[in-house]
$ cat query20.txt   # compact mmCIF, C-alpha atoms
# COMPACT_ATOMS: atom_id res chain seq x y z
CA MET A 1 -97.64 40.76 21.08
CA SER A 2 -98.02 41.25 24.85
CA ASP A 3 -94.26 41.83 25.30
CA ASP A 4 -93.93 44.10 22.26
CA ILE A 5 -92.50 47.44 23.42
CA ARG A 6 -94.32 49.16 20.56
CA THR A 7 -97.65 48.45 22.23
CA THR A 8 -96.42 50.04 25.47
CA LEU A 9 -95.28 53.12 23.55
CA GLY A 10 -98.50 53.42 21.61
CA LEU A 11 -96.75 52.66 18.31
CA ARG A 12 -98.23 50.60 15.52
CA PRO A 13 -96.77 47.06 15.39
CA VAL A 14 -95.80 47.24 11.73
CA ILE A 15 -94.62 44.36 9.60
CA ASN A 16 -91.81 45.51 7.32
CA VAL A 17 -91.82 44.07 3.81
CA SER A 18 -90.30 47.24 2.37
CA GLY A 19 -86.65 46.45 3.13
CA THR A 20 -83.90 48.08 5.14
CA MET A 21 -85.60 51.47 5.33
CA THR A 22 -84.43 54.09 7.82
CA SER A 23 -88.00 55.32 8.20
CA LEU A 24 -88.97 51.90 9.59
CA GLY A 25 -85.94 51.46 11.84
CA ALA A 26 -83.72 49.98 9.11
CA SER A 27 -83.30 46.35 10.20
CA ILE A 28 -83.50 43.80 12.99
CA VAL A 29 -80.36 44.33 15.07
CA VAL A 30 -78.36 41.11 15.43
CA PRO A 31 -77.92 39.60 18.93
CA GLU A 32 -74.15 40.11 18.83
CA ALA A 33 -74.58 43.87 18.40
CA ILE A 34 -77.21 44.07 21.15
CA ALA A 35 -74.88 42.22 23.52
CA ALA A 36 -71.94 44.47 22.63
CA MET A 37 -73.93 47.66 23.18
CA THR A 38 -75.27 46.38 26.51
CA ALA A 39 -71.74 45.49 27.64
CA ILE A 40 -70.15 48.85 26.88
CA LEU A 41 -72.96 51.24 27.85
CA PRO A 42 -72.17 51.34 31.60
CA HIS A 43 -68.48 52.16 31.04
CA PHE A 44 -66.39 55.19 30.13
CA VAL A 45 -64.04 54.77 27.22
CA GLU A 46 -61.61 56.89 25.24
CA VAL A 47 -63.71 57.17 22.11
CA ASN A 48 -60.80 57.81 19.75
CA ALA A 49 -59.06 54.70 21.08
CA LEU A 50 -62.24 52.71 20.45
CA GLN A 51 -62.38 54.13 16.92
CA ARG A 52 -58.85 52.82 16.34
CA GLN A 53 -60.10 49.37 17.35
CA ALA A 54 -63.00 49.79 14.91
CA SER A 55 -60.54 50.77 12.19
CA ALA A 56 -58.80 47.41 12.45
CA VAL A 57 -62.10 45.53 12.13
CA ILE A 58 -63.25 47.67 9.21
CA ALA A 59 -59.92 47.24 7.41
CA ARG A 60 -60.08 43.46 7.79
CA LEU A 61 -63.66 43.19 6.54
CA THR A 62 -63.43 45.68 3.66
CA GLY A 63 -59.84 45.35 2.50
CA GLY A 64 -59.33 49.07 3.13
CA GLU A 65 -56.33 50.57 4.88
CA ALA A 66 -58.37 52.18 7.67
CA GLY A 67 -61.87 53.10 8.72
CA PHE A 68 -64.11 54.58 11.38
CA ILE A 69 -67.73 54.66 12.51
CA THR A 70 -69.93 57.71 12.11
CA ALA A 71 -73.64 58.49 12.55
CA SER A 72 -74.88 57.19 9.19
CA CYS A 73 -73.84 56.60 5.60
CA SER A 74 -75.14 60.08 4.75
CA ALA A 75 -72.85 61.50 7.43
CA GLY A 76 -70.05 59.49 5.86
CA VAL A 77 -70.65 61.20 2.50
CA SER A 78 -70.33 64.63 4.11
CA LEU A 79 -67.24 63.73 6.15
CA ALA A 80 -65.46 62.03 3.26
CA VAL A 81 -66.15 64.94 0.90
CA ALA A 82 -65.08 67.44 3.55
CA GLY A 83 -61.82 65.56 4.01
CA THR A 84 -60.97 65.88 0.33
CA ILE A 85 -61.55 69.64 0.53
CA THR A 86 -59.72 70.48 3.77
CA GLY A 87 -57.12 67.76 3.99
CA PRO A 88 -55.69 67.73 7.55
CA ASP A 89 -55.88 71.56 7.88
CA LEU A 90 -57.59 72.03 11.27
CA LEU A 91 -58.46 75.68 10.63
CA ALA A 92 -60.06 74.81 7.30
CA ILE A 93 -62.00 72.07 9.10
CA GLU A 94 -63.37 74.59 11.60
CA ARG A 95 -64.46 76.96 8.85
CA LEU A 96 -66.60 74.52 6.89
CA PRO A 97 -69.01 74.73 5.14
CA GLU A 98 -67.18 77.92 4.11
CA THR A 99 -64.12 76.92 2.15
CA SER A 100 -60.78 78.70 1.86
CA THR A 101 -59.87 76.96 -1.39
CA ASP A 102 -61.32 76.87 -4.88
CA LYS A 103 -60.68 73.14 -4.95
CA ASN A 104 -64.13 72.24 -3.68
CA GLU A 105 -65.96 70.88 -6.71
CA VAL A 106 -67.42 67.38 -6.47
CA LEU A 107 -68.51 65.42 -9.55
CA LEU A 108 -71.78 63.50 -9.47
CA GLN A 109 -73.56 61.77 -12.34
CA MET A 110 -76.98 63.33 -12.87
CA GLY A 111 -78.55 59.88 -12.84
CA HIS A 112 -77.16 59.44 -9.32
CA VAL A 113 -78.86 62.54 -7.90
CA VAL A 114 -81.37 60.65 -5.79
CA SER A 115 -83.04 61.04 -2.44
CA TYR A 116 -82.61 58.42 0.27
CA GLY A 117 -84.79 60.49 2.61
CA ALA A 118 -82.74 63.59 1.80
CA PRO A 119 -81.01 64.57 -1.46
CA VAL A 120 -77.58 62.98 -1.88
CA ASP A 121 -76.22 66.25 -3.28
CA GLN A 122 -77.20 68.01 -0.04
CA ALA A 123 -74.80 65.76 1.87
CA ILE A 124 -72.06 67.09 -0.43
CA ARG A 125 -73.09 70.73 -0.04
CA LEU A 126 -73.16 70.40 3.76
CA ALA A 127 -69.44 69.69 3.54
CA GLY A 128 -68.72 72.84 1.55
CA GLY A 129 -68.67 70.94 -1.72
CA LYS A 130 -69.89 72.53 -4.92
CA VAL A 131 -71.77 69.84 -6.82
CA VAL A 132 -70.92 69.55 -10.51
CA MET A 133 -73.51 67.43 -12.31
CA ILE A 134 -72.19 65.41 -15.22
CA GLY A 135 -74.20 63.92 -18.05
CA GLN A 136 -77.96 63.75 -18.21
CA ALA A 137 -80.47 61.80 -16.16
CA THR A 138 -80.18 58.72 -18.40
CA SER A 139 -76.75 59.07 -19.96
CA THR A 140 -73.24 59.89 -18.88
CA HIS A 141 -70.36 59.43 -21.29
CA ARG A 142 -66.61 59.57 -20.82
CA TYR A 143 -66.36 63.02 -22.36
CA HIS A 144 -68.87 64.39 -19.85
CA MET A 145 -66.66 63.41 -16.93
CA GLU A 146 -63.30 64.07 -18.59
CA ASN A 147 -64.29 67.63 -19.44
CA ALA A 148 -65.79 68.29 -16.01
CA ILE A 149 -62.51 67.65 -14.18
CA THR A 150 -60.52 70.81 -13.55
CA GLU A 151 -57.98 72.08 -11.03
CA ARG A 152 -61.00 72.85 -8.81
CA THR A 153 -62.16 69.21 -8.60
CA ALA A 154 -61.78 67.81 -5.09
CA ALA A 155 -63.58 64.47 -5.44
CA ALA A 156 -66.06 62.39 -7.43
CA VAL A 157 -68.99 60.64 -5.75
CA TYR A 158 -70.53 57.42 -7.07
CA VAL A 159 -73.88 56.20 -5.71
CA VAL A 160 -74.86 52.52 -5.61
CA SER A 161 -78.61 52.24 -5.00
CA HIS A 162 -81.83 50.80 -6.38
CA HIS A 163 -82.94 54.43 -6.72
CA VAL A 164 -80.38 55.42 -9.36
CA VAL A 165 -80.81 55.10 -13.11
CA ASP A 166 -79.47 51.65 -13.93
CA TYR A 167 -78.58 52.14 -17.59
CA GLY A 168 -76.62 54.56 -19.75
CA LEU A 169 -74.31 55.78 -16.98
CA LEU A 170 -70.63 55.23 -16.31
CA ASN A 171 -69.98 52.08 -14.32
CA LEU A 172 -67.70 52.27 -11.31
CA ARG A 173 -64.57 50.89 -12.99
CA GLU A 174 -64.76 53.45 -15.79
CA PHE A 175 -65.68 56.23 -13.34
CA VAL A 176 -62.59 55.38 -11.26
CA GLU A 177 -60.35 55.14 -14.32
CA ILE A 178 -61.29 58.63 -15.52
CA ALA A 179 -61.04 60.18 -12.05
CA HIS A 180 -57.70 58.59 -11.17
CA ALA A 181 -56.16 59.61 -14.47
CA ARG A 182 -56.49 63.19 -13.20
CA GLY A 183 -55.67 62.50 -9.55
CA VAL A 184 -59.27 62.79 -8.32
CA PRO A 185 -60.32 60.51 -5.42
CA VAL A 186 -63.55 58.51 -5.74
CA ILE A 187 -66.05 58.16 -2.89
CA VAL A 188 -68.68 55.41 -3.18
CA ASP A 189 -72.00 55.62 -1.34
CA ALA A 190 -72.85 51.94 -0.92
CA ALA A 191 -75.27 52.30 1.98
CA SER A 192 -77.38 49.19 1.40
CA GLU A 193 -74.86 46.88 -0.23
CA TYR A 194 -73.89 43.39 0.91
CA ASP A 195 -70.42 43.23 -0.57
CA LEU A 196 -68.02 44.99 1.78
CA ARG A 197 -64.97 44.55 -0.44
CA ILE A 198 -65.94 44.97 -4.08
CA PHE A 199 -66.02 48.78 -4.30
CA LEU A 200 -62.55 49.31 -2.86
CA ALA A 201 -61.35 46.37 -4.96
CA GLN A 202 -62.69 48.14 -8.07
CA GLY A 203 -60.61 51.20 -7.26
CA ALA A 204 -62.73 53.42 -5.02
CA ASP A 205 -60.67 55.42 -2.54
CA ILE A 206 -63.41 55.48 0.10
CA ALA A 207 -66.44 53.19 0.43
CA LEU A 208 -69.33 54.10 2.71
CA TYR A 209 -71.88 51.71 4.22
CA SER A 210 -74.80 51.84 6.62
CA GLY A 211 -74.13 49.85 9.74
CA HIS A 212 -77.86 49.52 10.40
CA LYS A 213 -79.08 47.95 7.17
CA PHE A 214 -77.99 44.51 5.96
CA LEU A 215 -75.30 44.34 8.64
CA GLY A 216 -77.96 44.49 11.36
CA GLY A 217 -76.04 46.89 13.58
CA PRO A 218 -77.11 50.02 15.44
CA THR A 219 -77.76 53.25 13.55
CA SER A 220 -74.33 54.09 12.18
CA GLY A 221 -72.21 54.64 9.09
CA ILE A 222 -68.98 52.90 8.12
CA VAL A 223 -66.17 54.81 6.39
CA ALA A 224 -63.48 52.60 4.84
CA GLY A 225 -60.61 53.08 2.44
CA ARG A 226 -57.33 54.88 1.84
CA LYS A 227 -55.60 55.77 5.10
CA ASP A 228 -54.93 59.44 4.40
CA LEU A 229 -58.45 60.11 3.15
CA VAL A 230 -60.00 58.23 6.06
CA ARG A 231 -57.89 60.25 8.48
CA ASN A 232 -58.92 63.53 6.85
CA ALA A 233 -62.56 62.46 7.03
CA PHE A 234 -62.18 61.46 10.68
CA LEU A 235 -60.69 64.86 11.52
CA GLN A 236 -64.01 66.42 10.49
CA ASN A 237 -65.29 65.34 13.91
CA MET A 238 -63.60 68.54 15.07
CA GLY A 239 -65.88 70.47 12.72
CA ILE A 240 -69.08 69.58 10.87
CA GLY A 241 -68.79 66.01 12.14
CA ARG A 242 -69.57 67.12 15.68
CA GLY A 243 -73.27 67.11 14.83
CA MET A 244 -72.84 63.65 13.30
CA LYS A 245 -71.04 62.14 16.29
CA VAL A 246 -71.57 58.54 17.26
CA GLY A 247 -71.62 57.07 20.77
CA LYS A 248 -69.49 54.33 22.25
CA GLU A 249 -72.41 51.90 21.99
CA SER A 250 -72.85 52.51 18.26
CA ILE A 251 -69.12 52.14 17.58
CA TYR A 252 -68.86 48.88 19.50
CA GLY A 253 -72.24 47.65 18.23
CA ALA A 254 -71.19 48.26 14.62
CA MET A 255 -67.91 46.45 15.27
CA ALA A 256 -69.85 43.47 16.62
CA ALA A 257 -72.23 43.52 13.63
CA LEU A 258 -69.29 43.53 11.23
CA GLU A 259 -67.66 40.57 12.95
CA ALA A 260 -70.98 38.71 13.08
CA TRP A 261 -71.28 39.23 9.32
CA GLU A 262 -68.25 36.97 8.87
CA THR A 263 -69.96 34.01 10.55
CA ARG A 264 -73.61 34.67 9.70
CA ASP A 265 -75.56 31.81 8.13
CA HIS A 266 -76.20 33.64 4.87
CA ALA A 267 -77.45 30.49 3.13
CA GLY A 268 -79.96 29.83 5.90
CA ILE A 269 -81.23 33.41 5.73
CA ARG A 270 -81.67 33.17 1.96
CA ALA A 271 -83.60 29.90 2.42
CA ARG A 272 -86.05 31.55 4.84
CA GLU A 273 -86.51 34.48 2.46
CA THR A 274 -87.11 32.09 -0.44
CA GLY A 275 -89.76 30.31 1.63
CA ALA A 276 -91.61 33.58 2.25
CA LEU A 277 -91.51 34.47 -1.44
CA ALA A 278 -92.86 31.04 -2.38
CA LEU A 279 -95.74 31.42 0.09
CA TRP A 280 -96.66 34.85 -1.27
CA LYS A 281 -96.48 33.65 -4.87
CA GLU A 282 -98.74 30.70 -4.08
CA THR A 283 -101.17 33.14 -2.43
CA LEU A 284 -101.26 35.52 -5.39
CA ASP A 285 -100.99 33.23 -8.41
CA GLY A 286 -104.28 32.81 -10.26
CA ARG A 287 -105.96 35.84 -8.72
CA PRO A 288 -107.66 38.10 -11.29
CA GLY A 289 -105.63 41.17 -12.14
CA VAL A 290 -102.60 40.15 -10.05
CA THR A 291 -99.18 39.13 -11.39
CA ALA A 292 -96.47 38.09 -8.93
CA LEU A 293 -92.88 38.01 -10.18
CA ILE A 294 -89.82 37.04 -8.17
CA GLU A 295 -86.96 39.33 -9.20
CA PRO A 296 -83.29 39.67 -8.22
CA ASP A 297 -81.99 42.73 -6.41
CA PRO A 298 -81.12 45.43 -8.99
CA THR A 299 -77.70 46.26 -7.51
CA GLY A 300 -76.53 42.65 -7.34
CA ASN A 301 -77.13 41.89 -3.67
CA PRO A 302 -77.75 38.13 -3.21
CA LEU A 303 -81.48 38.38 -2.52
CA ASP A 304 -84.80 38.38 -4.34
CA ARG A 305 -87.99 40.40 -3.96
CA MET A 306 -91.50 39.97 -5.26
CA ARG A 307 -92.97 42.46 -7.69
CA VAL A 308 -96.76 42.55 -7.40
CA ILE A 309 -98.38 44.02 -10.53
CA ILE A 310 -102.01 45.09 -10.25
CA ASP A 311 -104.50 45.48 -13.11
CA PRO A 312 -107.23 47.56 -11.43
CA GLN A 313 -109.84 46.58 -14.02
CA GLU A 314 -109.54 42.94 -13.00
CA ALA A 315 -108.47 43.24 -9.35
CA HIS A 316 -110.98 46.07 -8.68
CA ILE A 317 -108.29 48.04 -6.84
CA THR A 318 -105.25 50.07 -7.79
CA ALA A 319 -101.76 49.19 -6.61
CA TRP A 320 -101.60 52.33 -4.49
CA ASP A 321 -104.98 51.70 -2.86
CA LEU A 322 -103.95 48.13 -2.09
CA THR A 323 -100.75 49.33 -0.40
CA ALA A 324 -102.83 51.82 1.62
CA ALA A 325 -105.19 49.03 2.70
CA LEU A 326 -102.24 46.89 3.79
CA ARG A 327 -100.92 49.82 5.87
CA SER A 328 -104.15 49.87 7.87
CA GLY A 329 -105.48 47.42 10.44
CA GLU A 330 -104.12 45.83 13.62
CA ARG A 331 -100.86 44.73 11.98
CA PRO A 332 -99.92 47.39 9.41
CA ILE A 333 -97.93 45.92 6.52
CA ILE A 334 -95.53 48.38 4.88
CA VAL A 335 -94.53 47.43 1.34
CA ARG A 336 -91.90 48.92 -0.99
CA ASP A 337 -94.00 51.33 -3.02
CA HIS A 338 -91.44 53.68 -4.60
CA GLU A 339 -92.76 52.97 -8.09
CA VAL A 340 -96.42 52.39 -7.29
CA GLU A 341 -97.59 54.83 -9.98
CA HIS A 342 -96.44 52.18 -12.47
CA ARG A 343 -99.10 49.87 -10.99
CA TYR A 344 -96.77 47.66 -8.98
CA PHE A 345 -95.08 47.40 -5.61
CA TYR A 346 -92.51 45.08 -4.06
CA LEU A 347 -92.53 42.69 -1.12
CA ASP A 348 -89.10 42.34 0.51
CA PRO A 349 -88.65 39.33 2.84
CA CYS A 350 -85.35 40.36 4.46
CA ASN A 351 -86.77 41.79 7.71
CA LEU A 352 -89.40 39.29 8.76
CA HIS A 353 -89.88 37.88 12.24
CA PRO A 354 -91.18 34.30 12.54
CA GLY A 355 -94.83 34.03 11.56
CA GLU A 356 -94.98 37.37 9.76
CA ALA A 357 -94.76 35.94 6.24
CA GLU A 358 -98.01 34.09 6.93
CA ILE A 359 -99.68 37.28 8.20
CA VAL A 360 -98.62 39.07 5.02
CA ALA A 361 -100.06 36.29 2.87
CA ALA A 362 -103.35 36.33 4.76
CA ARG A 363 -103.69 40.11 4.53
CA LEU A 364 -102.96 40.10 0.80
CA ALA A 365 -105.69 37.53 0.26
CA GLN A 366 -108.11 39.39 2.53
CA GLU A 367 -107.65 42.78 0.87
CA LEU A 368 -107.76 41.37 -2.65
CA ASP A 369 -110.89 39.36 -1.86
CA ARG A 370 -112.54 42.45 -0.39
CA ALA A 371 -111.70 44.53 -3.47
CA ARG A 372 -112.78 41.83 -5.90
CA ALA A 373 -116.16 41.64 -4.15
CA SER A 374 -116.68 45.36 -4.66
CA ASN A 375 -119.02 46.47 -7.42
CA GLU A 376 -116.76 49.42 -8.17
CA ILE A 377 -113.03 49.75 -8.76
CA ILE A 378 -111.28 51.20 -5.70
CA ALA A 379 -109.26 53.93 -7.39
CA THR A 380 -108.11 56.97 -5.47
CA PRO A 381 -106.64 59.59 -7.87
CA ILE A 382 -102.88 59.04 -8.16
CA GLU A 383 -102.40 62.79 -7.64
CA ASP A 384 -103.53 62.37 -4.04
CA LEU A 385 -100.31 60.48 -3.29
CA SER A 386 -98.24 63.52 -4.19
CA ARG A 387 -100.64 65.96 -2.56
CA HIS A 388 -100.58 64.19 0.81
CA ARG A 389 -97.13 62.56 0.80
CA PHE A 390 -95.69 64.76 3.54
CA ASP A 391 -98.82 65.37 5.62
CA GLY A 392 -97.51 63.32 8.54
CA MET A 393 -94.20 65.18 8.67
CA LEU A 394 -95.82 68.59 8.32
CA ARG A 395 -98.27 67.88 11.14
CA TRP A 396 -95.54 66.80 13.56
CA PRO A 397 -95.80 67.31 16.46
CA ASP A 398 -99.57 67.02 16.93
$ encode --input "query20.txt" --output "structure tokens"
Amino acid sequence: MSDDIRTTLGLRPVINVSGTMTSLGASIVVPEAIAAMTAILPHFVEVNALQRQASAVIARLTGGEAGFITASCSAGVSLAVAGTITGPDLLAIERLPETSTDKNEVLLQMGHVVSYGAPVDQAIRLAGGKVVMIGQATSTHRYHMENAITERTAAAVYVVSHHVVDYGLLNLREFVEIAHARGVPVIVDAASEYDLRIFLAQGADIALYSGHKFLGGPTSGIVAGRKDLVRNAFLQNMGIGRGMKVGKESIYGAMAALEAWETRDHAGIRARETGALALWKETLDGRPGVTALIEPDPTGNPLDRMRVIIDPQEAHITAWDLTAALRSGERPIIVRDHEVEHRYFYLDPCNLHPGEAEIVAARLAQELDRARASNEIIATPIEDLSRHRFDGMLRWPD
């Protein structure tokens, strides 16, 4: 810990078992990307020429016709949507988010209206898009989408995420089929997905990824797909994309991360993750009020997580109080607690440094033993989570 920059900066040395979360710095950047960024930082480059180099790498890895690097996947949503509204019209690009055409409607399944730190529909509205919700939160049928498409429809956005409703909605192939039958391009937000080819292969016109999640690159977004739509999205850098610009180091770092993805030891990584899950399961099995289940990723990524279900009557602590206890101490442990009101949370092993799995196991045992020894159930009202969720943001800066 003595050489940990976080200590020097006065930051908490957190252990991330939540996943590739932007709020925690997303992921551990791979050595190839660090080396690439270090190599290019001292030099001047023609950024557009570097983007053309990135396009070739993105096309090879995704199967798309072209691509470019932007600030984030969220930025990619805005730029891709904007491109479908303005086309290559430079004056229209400068005027956004005001639009000079009625063809600015963007279809989005209601079950895909999620927040990844900000609402996905806001990324569309920033681009001048008018969001048209289709279906209901738990059901979208063909007739919902077919009847929503008009001469004003510019694009349709499809979100792939563990946050979305995972039943009752149109799958991507059907979504594409309906959109393409009426000449509507499909944009896929696949920020946290492993498979760089499947969404374009299933008919999407543009696929968007985070460069800083599973790829292990610098903070960035990857836009890939049909050449004309990619070009129109790239032209938005002369408009709303200016505030989403990306530096030479992020472009080259993302390129290096993409190329490293081709040769990464994926099997070895999965083996280390499986070892961490086995250790945690051994630690938790047999403890009163605790059920540990190893579950596959809900969007089909080739990884597993552990769901930890807490019965407060037996464990003497609620799931949300246990996650709060883990967040405290010398080595704060941040779990995936998006659904903690259902009395469970997840442990994600994909961002562990050596030795951290053992620290997590020890802290779980320590906090559960402490709670079990209590004469009372540690149970903060669940409403307090909602009441205080944004306290840290609202107090910033101190």
$ closest_residue --input "query20.txt" --among "A:Cys350, A:Met255, A:Ile240, A:Ile124" --to "Asp189 (chain A)" --atoms "all atoms listed in the file"
A:Ile124
$ atom_distance --input "query20.txt" --atom1 "CA of Gly117 (chain A)" --atom2 "CA of Glu105 (chain A)"
23.4 Å
$ atom_distance --input "query20.txt" --atom1 "CA of Arg305 (chain A)" --atom2 "CA of Asn351 (chain A)"
11.8 Å
$ closest_residue --input "query20.txt" --among "A:Leu41, A:Val157, A:Met110, A:Ala357" --to "Gly135 (chain A)" --atoms "only C-alpha atoms"
A:Met110
$ atom_distance --input "query20.txt" --atom1 "CA of Arg173 (chain A)" --atom2 "CA of Ala66 (chain A)"
21.6 Å
$ residues_around --input "query20.txt" --residues "Glu376 (chain A)" --least-positions-apart "4" --cutoff "9 Å" --atoms "all atoms listed in the file" --output "PyMOL selection string"
chain A and resi 316-317+371-372
$ closest_residue --input "query20.txt" --among "A:Ala49, A:Val113, A:Thr219, A:Glu98" --to "Ser23 (chain A)" --atoms "all atoms listed in the file"
A:Thr219
$ closest_residue --input "query20.txt" --among "A:Ala361, A:Leu9, A:Ala233, A:Ala204" --to "Ala276 (chain A)" --atoms "all atoms listed in the file"
A:Ala361
$ closest_residue --input "query20.txt" --among "A:Leu352, A:Val106, A:Val223, A:Leu303" --to "Thr153 (chain A)" --atoms "all atoms listed in the file"
A:Val106
$ residues_around --input "query20.txt" --residues "Ser328 (chain A)" --least-positions-apart "3" --cutoff "12 Å" --atoms "all atoms listed in the file" --output "PDB file with C-alpha atoms, keeping the file's coordinate frame"
ATOM      1  CA  ARG A  12     -98.230  50.600  15.520  1.00  0.00           C
ATOM      2  CA  PRO A  13     -96.770  47.060  15.390  1.00  0.00           C
ATOM      3  CA  VAL A  14     -95.800  47.240  11.730  1.00  0.00           C
ATOM      4  CA  ILE A  15     -94.620  44.360   9.600  1.00  0.00           C
ATOM      5  CA  ASP A 321    -104.980  51.700  -2.860  1.00  0.00           C
ATOM      6  CA  LEU A 322    -103.950  48.130  -2.090  1.00  0.00           C
ATOM      7  CA  THR A 323    -100.750  49.330  -0.400  1.00  0.00           C
ATOM      8  CA  ALA A 324    -102.830  51.820   1.620  1.00  0.00           C
ATOM      9  CA  ALA A 325    -105.190  49.030   2.700  1.00  0.00           C
ATOM     10  CA  ARG A 331    -100.860  44.730  11.980  1.00  0.00           C
ATOM     11  CA  PRO A 332     -99.920  47.390   9.410  1.00  0.00           C
ATOM     12  CA  ILE A 333     -97.930  45.920   6.520  1.00  0.00           C
ATOM     13  CA  ILE A 334     -95.530  48.380   4.880  1.00  0.00           C
ATOM     14  CA  VAL A 335     -94.530  47.430   1.340  1.00  0.00           C
ATOM     15  CA  ARG A 363    -103.690  40.110   4.530  1.00  0.00           C
ATOM     16  CA  GLU A 367    -107.650  42.780   0.870  1.00  0.00           C
TER      17      GLU A 367
END
$ closest_residue --input "query20.txt" --among "A:Ala36, A:Tyr158, A:Lys213, A:Met244" --to "Thr22 (chain A)" --atoms "all atoms listed in the file"
A:Lys213
$ residues_around --input "query20.txt" --residues "Pro381 (chain A)" --least-positions-apart "3" --cutoff "10 Å" --atoms "all atoms listed in the file" --output "count of residues only"
7
$ residues_around --input "query20.txt" --residues "Leu61 (chain A)" --least-positions-apart "6" --cutoff "9 Å" --atoms "all atoms listed in the file" --output "PyMOL selection string"
chain A and resi 196-197+258-259+262
$ build_atoms --input "query20.txt" --residues "region 28-43 of chain A" --atoms "N, CA and C atoms" --output "JSON list (two decimals), in the coordinates of the input"
[["chain", "number", "residue", "atom", "x", "y", "z"],
["A", 28, "ILE", "N", -83.49, 44.48, 11.70],
["A", 28, "ILE", "CA", -83.50, 43.80, 12.99],
["A", 28, "ILE", "C", -82.05, 43.70, 13.46],
["A", 29, "VAL", "N", -81.74, 44.32, 14.57],
["A", 29, "VAL", "CA", -80.36, 44.33, 15.07],
["A", 29, "VAL", "C", -79.97, 42.91, 15.53],
["A", 30, "VAL", "N", -78.79, 42.48, 15.12],
["A", 30, "VAL", "CA", -78.36, 41.11, 15.43],
["A", 30, "VAL", "C", -78.02, 40.99, 16.91],
["A", 31, "PRO", "N", -78.18, 39.79, 17.50],
["A", 31, "PRO", "CA", -77.92, 39.60, 18.93],
["A", 31, "PRO", "C", -76.52, 40.01, 19.35],
["A", 32, "GLU", "N", -75.53, 39.77, 18.47],
["A", 32, "GLU", "CA", -74.15, 40.11, 18.83],
["A", 32, "GLU", "C", -73.99, 41.61, 19.06],
["A", 33, "ALA", "N", -74.67, 42.42, 18.24],
["A", 33, "ALA", "CA", -74.58, 43.87, 18.40],
["A", 33, "ALA", "C", -75.31, 44.33, 19.65],
["A", 34, "ILE", "N", -76.47, 43.73, 19.93],
["A", 34, "ILE", "CA", -77.21, 44.07, 21.15],
["A", 34, "ILE", "C", -76.37, 43.76, 22.38],
["A", 35, "ALA", "N", -75.72, 42.61, 22.38],
["A", 35, "ALA", "CA", -74.88, 42.22, 23.52],
["A", 35, "ALA", "C", -73.69, 43.18, 23.67],
["A", 36, "ALA", "N", -73.09, 43.56, 22.57],
["A", 36, "ALA", "CA", -71.94, 44.47, 22.63],
["A", 36, "ALA", "C", -72.35, 45.83, 23.18],
["A", 37, "MET", "N", -73.47, 46.36, 22.70],
["A", 37, "MET", "CA", -73.93, 47.66, 23.18],
["A", 37, "MET", "C", -74.28, 47.61, 24.67],
["A", 38, "THR", "N", -74.92, 46.53, 25.10],
["A", 38, "THR", "CA", -75.27, 46.38, 26.51],
["A", 38, "THR", "C", -74.01, 46.32, 27.37],
["A", 39, "ALA", "N", -72.98, 45.65, 26.87],
["A", 39, "ALA", "CA", -71.74, 45.49, 27.64],
["A", 39, "ALA", "C", -70.98, 46.79, 27.82],
["A", 40, "ILE", "N", -70.99, 47.65, 26.82],
["A", 40, "ILE", "CA", -70.15, 48.85, 26.88],
["A", 40, "ILE", "C", -70.88, 50.06, 27.45],
["A", 41, "LEU", "N", -72.20, 50.05, 27.43],
["A", 41, "LEU", "CA", -72.96, 51.24, 27.85],
["A", 41, "LEU", "C", -72.64, 51.71, 29.27],
["A", 42, "PRO", "N", -72.42, 50.83, 30.24],
["A", 42, "PRO", "CA", -72.17, 51.34, 31.60],
["A", 42, "PRO", "C", -70.77, 51.92, 31.81],
["A", 43, "HIS", "N", -69.89, 51.84, 30.81],
["A", 43, "HIS", "CA", -68.48, 52.16, 31.04],
["A", 43, "HIS", "C", -68.04, 53.40, 30.27]]
